[in-house]
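K.L.:
Provided below: input.cif, containing mmCIF, C-alpha atoms and all ligand atoms.
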data_coords
loop_
_atom_site.label_atom_id
_atom_site.label_comp_id
_atom_site.auth_asym_id
_atom_site.auth_seq_id
_atom_site.Cartn_x
_atom_site.Cartn_y
_atom_site.Cartn_z
CA MET P 29 -10.44 7.12 -8.47
CA ARG P 30 -9.24 7.55 -4.90
CA TRP P 31 -8.49 4.86 -2.43
CA PRO P 32 -10.60 5.09 0.71
CA LEU P 33 -9.14 7.54 3.16
CA ALA P 34 -7.71 6.42 6.36
CA ALA P 35 -4.16 6.25 7.38
CA LEU P 36 -2.21 3.19 8.11
CA PRO P 37 0.73 1.20 6.84
CA PRO P 38 2.07 -2.23 7.43
CA VAL P 39 3.54 -5.01 9.23
CA CYS P 40 6.68 -5.33 7.14
CA LEU P 41 9.08 -7.56 8.83
CA LEU P 42 12.79 -7.49 9.16
CA VAL P 43 13.64 -11.01 10.10
CA GLU P 44 16.64 -10.99 12.36
CA GLY P 45 17.54 -14.64 12.30
CA GLY P 46 15.51 -17.46 13.73
CA ALA P 47 12.46 -19.16 12.32
CA VAL P 48 9.95 -17.17 10.33
CA ASN P 49 6.40 -17.84 11.49
CA SER P 50 3.37 -18.11 9.22
CA GLY P 51 2.29 -14.52 9.78
CA GLU P 52 5.75 -13.25 8.95
CA GLN P 53 5.85 -15.42 5.83
CA LEU P 54 2.54 -13.96 4.75
CA CYS P 55 3.70 -10.36 5.19
CA LEU P 56 7.05 -11.04 3.54
CA ALA P 57 5.17 -12.36 0.51
CA CYS P 58 2.89 -9.34 0.53
CA GLY P 59 3.96 -5.80 1.43
CA LEU P 60 0.75 -4.34 0.01
CA CYS P 61 0.38 -2.08 3.05
CA CYS P 62 3.81 -0.52 2.35
CA ASP P 63 4.10 -0.47 -1.43
CA GLY P 64 1.37 2.05 -2.29
CA THR P 65 -1.28 -0.53 -3.16
CA LEU P 66 -3.40 -0.28 0.00
CA PHE P 67 -2.45 3.22 1.15
CA ASP P 68 -1.34 6.58 -0.19
CA LEU P 69 0.39 7.63 3.01
CA VAL P 70 1.15 6.81 6.61
CA LYS P 71 0.30 9.26 9.36
CA LEU P 72 2.58 9.60 12.34
CA GLU P 73 1.17 9.44 15.84
CA PRO P 74 2.10 11.70 18.80
CA GLY P 75 4.55 9.09 20.14
CA ASP P 76 6.48 8.90 16.86
CA ASP P 77 9.71 10.87 16.58
CA ALA P 78 9.25 12.65 13.26
CA ALA P 79 12.74 14.20 13.32
CA LYS P 80 14.40 10.85 13.96
CA LEU P 81 12.36 9.11 11.24
CA LYS P 82 13.30 11.89 8.85
CA ALA P 83 16.96 11.52 9.76
CA LEU P 84 16.63 7.80 9.04
CA GLY P 85 15.48 8.64 5.52
CA LEU P 86 11.68 8.68 5.68
CA PRO P 87 10.41 11.72 3.71
CA VAL P 88 8.20 12.97 6.54
CA VAL P 89 6.24 16.14 5.80
CA ILE P 90 4.05 18.12 8.16
CA SER P 91 0.84 19.54 6.77
CA ARG P 92 -0.07 23.16 7.41
CA GLY P 93 -3.32 24.04 9.09
CA LYS P 94 -4.97 24.16 12.49
CA THR P 95 -4.02 20.60 13.29
CA PRO P 96 -0.72 19.79 11.58
CA VAL P 97 -0.36 16.16 10.60
CA ALA P 98 3.02 14.51 10.06
CA ARG P 99 2.96 11.88 7.37
CA PHE P 100 5.07 10.15 4.77
CA PRO P 101 4.05 8.87 1.34
CA GLN P 102 3.68 5.39 -0.03
CA PRO P 103 5.28 3.45 -1.64
CA CYS P 104 7.52 3.62 1.40
CA SER P 105 11.16 4.43 0.80
CA ALA P 106 12.07 1.99 3.58
CA LEU P 107 10.49 -0.97 1.81
CA CYS P 108 13.23 -3.26 0.46
CA ALA P 109 13.05 -5.37 -2.68
CA ASP P 110 12.61 -8.51 -0.57
CA ARG P 111 9.64 -6.85 1.19
CA THR P 112 11.45 -6.36 4.47
CA CYS P 113 11.45 -2.99 6.23
CA ARG P 114 14.77 -1.18 6.39
CA LEU P 115 13.54 0.69 9.47
CA TYR P 116 11.90 -2.24 11.19
CA ALA P 117 13.31 -1.49 14.66
CA ALA P 118 12.39 2.20 14.40
CA ARG P 119 9.19 1.96 12.38
CA PRO P 120 6.30 4.26 13.35
CA TRP P 121 3.39 3.28 15.54
CA GLN P 122 0.96 2.67 12.68
CA CYS P 123 3.44 0.26 11.13
CA ARG P 124 3.91 -1.53 14.44
CA THR P 125 0.23 -2.03 15.05
CA PHE P 126 -1.42 -2.34 11.65
CA GLU P 127 -2.77 -5.71 10.67
CA CYS P 128 -4.94 -6.01 7.59
CA LYS P 129 -8.17 -8.00 7.66
CA LEU P 130 -6.55 -10.94 5.92
CA PHE P 131 -3.75 -11.08 8.48
CA LYS P 132 -6.27 -10.95 11.33
CA ASP P 133 -8.38 -13.65 9.70
CA ALA P 134 -5.37 -15.92 9.27
CA LYS P 135 -4.18 -15.30 12.82
CA ALA P 136 -7.64 -16.14 14.17
CA GLY P 137 -7.91 -19.29 12.06
CA ARG P 138 -10.83 -17.98 9.98
CA VAL P 139 -8.72 -18.63 6.91
CA THR P 140 -5.66 -20.84 6.58
CA PHE P 141 -2.31 -19.15 6.00
CA ALA P 142 -2.04 -21.10 2.74
CA ALA P 143 -5.34 -19.63 1.52
CA ALA P 144 -4.24 -16.18 2.72
CA LEU P 145 -1.03 -16.52 0.75
CA THR P 146 -3.03 -17.38 -2.36
CA LEU P 147 -5.09 -14.21 -1.88
CA VAL P 148 -1.95 -12.13 -1.40
CA LYS P 149 -0.53 -13.48 -4.65
CA GLN P 150 -3.80 -12.75 -6.41
CA ALA P 151 -3.86 -9.18 -5.10
CA ARG P 152 -0.26 -8.60 -6.14
CA ARG P 153 -0.99 -9.92 -9.64
CA ARG P 154 -3.98 -7.58 -9.91
CA ALA P 155 -1.93 -4.62 -8.68
CA ASP P 156 0.83 -5.48 -11.17
CA GLN P 157 -1.74 -5.55 -13.95
CA VAL P 158 -2.93 -2.05 -12.95
CA ARG P 159 0.68 -0.83 -12.97
CA ARG P 160 1.29 -2.34 -16.42
CA LEU P 161 -1.76 -0.56 -17.81
CA LEU P 162 -0.74 2.73 -16.19
CA ARG P 163 2.65 2.46 -17.85
CA ALA P 164 0.97 1.73 -21.18
CA LEU P 165 -1.00 4.95 -20.69
CA GLY P 166 2.15 6.97 -20.06
CA ASP P 167 2.33 6.94 -16.26
CA ALA P 168 5.55 5.28 -15.17
CA ASP P 169 5.77 7.12 -11.85
CA GLU P 170 6.40 4.07 -9.69
CA HIS P 171 7.21 6.29 -6.69
CA ARG P 172 3.56 7.33 -6.34
CA ALA P 173 0.77 5.36 -4.71
CA LEU P 174 -1.40 3.34 -7.05
CA GLY P 175 -4.61 5.19 -6.15
CA GLU P 176 -3.02 8.56 -6.83
CA ARG P 177 -1.67 7.38 -10.19
CA CYS P 178 -5.04 5.99 -11.27
CA HIS P 179 -6.76 9.20 -10.25
CA ARG P 180 -4.26 11.33 -12.14
CA THR P 181 -4.38 9.19 -15.27
CA SER P 182 -8.15 9.18 -15.22
CA GLU P 183 -8.28 12.99 -14.97
CA ARG P 184 -5.72 13.39 -17.74
CA LEU P 185 -7.53 11.12 -20.17
CA GLU P 186 -10.97 12.46 -19.36
CA SER P 187 -9.93 16.08 -19.79
CA GLY P 188 -7.84 15.75 -22.93
CA HIS P 189 -7.86 14.06 -26.27
CA ALA P 190 -7.39 10.31 -26.17
CA ASP P 191 -7.12 8.18 -29.30
CA GLU P 192 -9.01 4.92 -29.71
CA ALA P 193 -6.07 2.81 -28.51
CA ALA P 194 -5.74 4.89 -25.34
CA LYS P 195 -9.49 4.69 -24.74
CA SER P 196 -9.36 0.93 -25.05
CA THR P 197 -6.39 0.68 -22.65
CA PHE P 198 -8.16 3.01 -20.22
CA ALA P 199 -11.20 0.73 -20.29
CA ASP P 200 -8.90 -2.19 -19.44
CA LEU P 201 -7.40 -0.13 -16.62
CA SER P 202 -10.83 0.65 -15.19
CA THR P 203 -11.71 -3.05 -15.20
CA ALA P 204 -8.37 -4.07 -13.66
CA LEU P 205 -8.71 -1.40 -10.99
CA HIS P 206 -12.24 -2.49 -10.18
CA ARG P 207 -11.12 -6.12 -9.77
CA LEU P 208 -8.25 -5.05 -7.52
CA LYS P 209 -10.47 -2.86 -5.35
CA LEU P 210 -13.03 -5.63 -4.95
CA LEU P 211 -10.33 -7.85 -3.54
CA LEU P 212 -8.78 -5.17 -1.33
CA HIS P 213 -12.09 -4.08 0.14
CA GLY P 214 -13.30 -7.63 0.59
CA ARG P 215 -10.17 -9.13 2.12
CA PHE P 216 -7.65 -6.49 3.22
CA TYR P 217 -9.20 -3.27 4.53
CA THR P 218 -10.54 -3.55 8.04
CA ARG P 219 -12.68 -0.42 8.06
CA ASN P 220 -12.97 2.81 6.10
CA GLU P 221 -9.21 3.00 5.85
CA THR P 222 -8.28 4.20 2.48
CA GLY P 223 -5.59 6.61 1.72
CA SER P 224 -3.55 6.20 4.84
CA LYS P 225 -2.36 3.54 7.19
S1 LIG P 301 -1.34 -6.09 3.81
FE1 LIG P 301 -1.64 -7.57 5.50
S2 LIG P 301 -0.62 -9.46 4.85
FE2 LIG P 301 0.12 -7.77 3.56
S3 LIG P 301 2.03 -7.07 4.59
FE3 LIG P 301 0.32 -5.78 5.33
S4 LIG P 301 -0.41 -6.78 7.20
FE4 LIG P 301 0.86 -8.29 6.10
S1 LIG P 302 8.39 2.17 7.68
FE1 LIG P 302 8.54 -0.01 7.20
S2 LIG P 302 6.62 -0.89 7.96
FE2 LIG P 302 6.31 1.35 7.77
S3 LIG P 302 5.45 1.70 5.70
FE3 LIG P 302 7.67 1.87 5.57
S4 LIG P 302 8.39 -0.20 4.96
FE4 LIG P 302 6.32 -0.40 5.77
#
Now, as a test, write the supplied structure out as structure tokens.

P.N.:
Amino acid sequence: MRWPLAALPPVCLLVEGGAVNSGEQLCLACGLCCDGTLFDLVKLEPGDDAAKLKALGLPVVISRGKTPVARFPQPCSALCADRTCRLYAARPWQCRTFECKLFKDAKAGRVTFAAALTLVKQARRRADQVRRLLRALGDADEHRALGERCHRTSERLESGHADEAAKSTFADLSTALHRLKLLLHGRFYTRNETGSK
């Protein structure tokens, strides 16, 4: 199953001293737009310096074809364990400007930051459950985006022999993935943006 295709990543924040505001707290508790849960990749924009980002450690690749597109995969290699961005000052345009629906809703007062935080925690729990089930099915490739891993595991199990235990775990995975996607589409995606930030 593929995530919807669009390209954007996140508002990961590197807090350089000073008070952390509610929006920053929300993103620091989240990171779903950088960790491969919401997006498979981030596309660079014309103003981004691909060579510099590459030199800073982002694995930027440029697609072949009539209109080459520079992009880097998710989970992002610049995402730190504490959900800050190692490249915050130099992050690409998409990362500077992206705000998920939940962030926008909280900023506009349509939902309280406390309620938004609860939804973030719920989404992270659901994503963790999907990752646990993927590992149980033999996919421990944590460096790949969640959508890509689910798609690959689904193809593998549907094309080969799976025993009853694997079939049962795969059914649990399908349910867990469905629950996660319901939440992501309902509260996080702002448009048809799946695949890329
Ligand atoms: S998904 Fe939304 S709340 Fe989470 S880090 Fe990105 S912008 Fe912030
Ligand atoms: S560069 Fe920073 S903000 Fe952009 S995807 Fe990576 S961790 Fe997130």

K.L.:
Quick one: residues within 12 Å of Ala199 in chain P, all atoms listed in the file counted, chain neighbours fewer than 5 positions away excluded, as a VMD selection string?

P.N.:
chain P and resid 158 161 to 162 165 181 to 182 185 to 186 190 192 to 194 204 to 206

K.L.:
Suppose you want the space between CA of Ala78 in chain P and CA of Ala98 in chain P; what is it in Å?

P.N.:
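Atom-to-atom, CA of Ala78 in chain P to CA of Ala98 in chain P, that is 7.2 Å.
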
K.L.:
With a distance cut-off of 10 Å and all atoms listed in the file, select the neighbouring residues of Ala144 in chain P, excluding the residue or stretch itself and same-chain residues fewer than 2 positions from it, and output the selection as a PyMOL selection string.

P.N.:
chain P and resi 51+54+130-131+133-134+138-142+146-150+215

K.L.:
Distance limit 8 Å, reference ligand LIG 301 (chain P), atoms considered: only C-alpha atoms and all ligand atoms. Which residues make the cut? Give them as a PyMOL selection string.

P.N.:
chain P and resi 37-40+51-52+54-62+66+126-131+144+148+216

K.L.:
Output the neighbourhood of ligand LIG 302 (chain P) as a PyMOL selection string, that is, all protein and nucleic acid residues with some atom at most 10 Å from the ligand, counting only C-alpha atoms and all ligand atoms.

P.N.:
chain P and resi 36-42+59-64+67+69-71+81+85-86+100-108+111-126+225

K.L.:
Rounded to one decimal in Å, what is the spacing between CA of Asp169 in chain P and CA of Glu183 in chain P?

P.N.:
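Interatomic distance here is 15.5 Å.
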
K.L.:
Check the smallest atom-to-atom distance from each of P:Asp68, P:Arg180, P:Ala136, P:Asn49 to Asp167 in chain P using only C-alpha atoms, then report the winner.

P.N.:
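The shortest atom-to-atom distance to Asp167 in chain P comes from P:Arg180.
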
K.L.:
So the first atom is CA of His179 in chain P and the second is CA of Leu212 in chain P; what is the distance between them in Å, to one decimal place?

P.N.:
17.0 Å

K.L.:
Name the closest residue to Glu176 in chain P among the candidates P:Thr197, P:Gln53, P:Ser224, P:Ser91; distances are taken between atoms, counting all atoms listed in the file.

P.N.:
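Between P:Thr197, P:Gln53, P:Ser224, P:Ser91, the residue approaching Glu176 in chain P most closely is P:Ser224.
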
K.L.:
Considering only C-alpha atoms, state which residue in the set P:Thr65, P:Arg154, P:Asp77, P:Leu72 is at the smallest distance from Ala173 in chain P.

P.N.:
P:Thr65

K.L.:
Please determine, counting all atoms listed in the file, which residue among P:His213, P:Arg159, P:Arg219, P:Arg184 has the shortest atom-to-atom distance to Leu201 in chain P.

P.N.:
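Result for the nearest residue to Leu201 in chain P: P:Arg159.
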
K.L.:
With distances taken over all atoms listed in the file, which of P:Asp156, P:Val88, P:Ala143, P:Leu211 is nearest to Glu170 in chain P?

P.N.:
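Looking only at the distances to Glu170 in chain P, the closest residue turns out to be P:Asp156.
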
K.L.:
Considering all atoms listed in the file, state which residue in the set P:Leu208, P:Ala109, P:Ile90, P:Cys178 is at the smallest distance from Ala151 in chain P.

P.N.:
P:Leu208
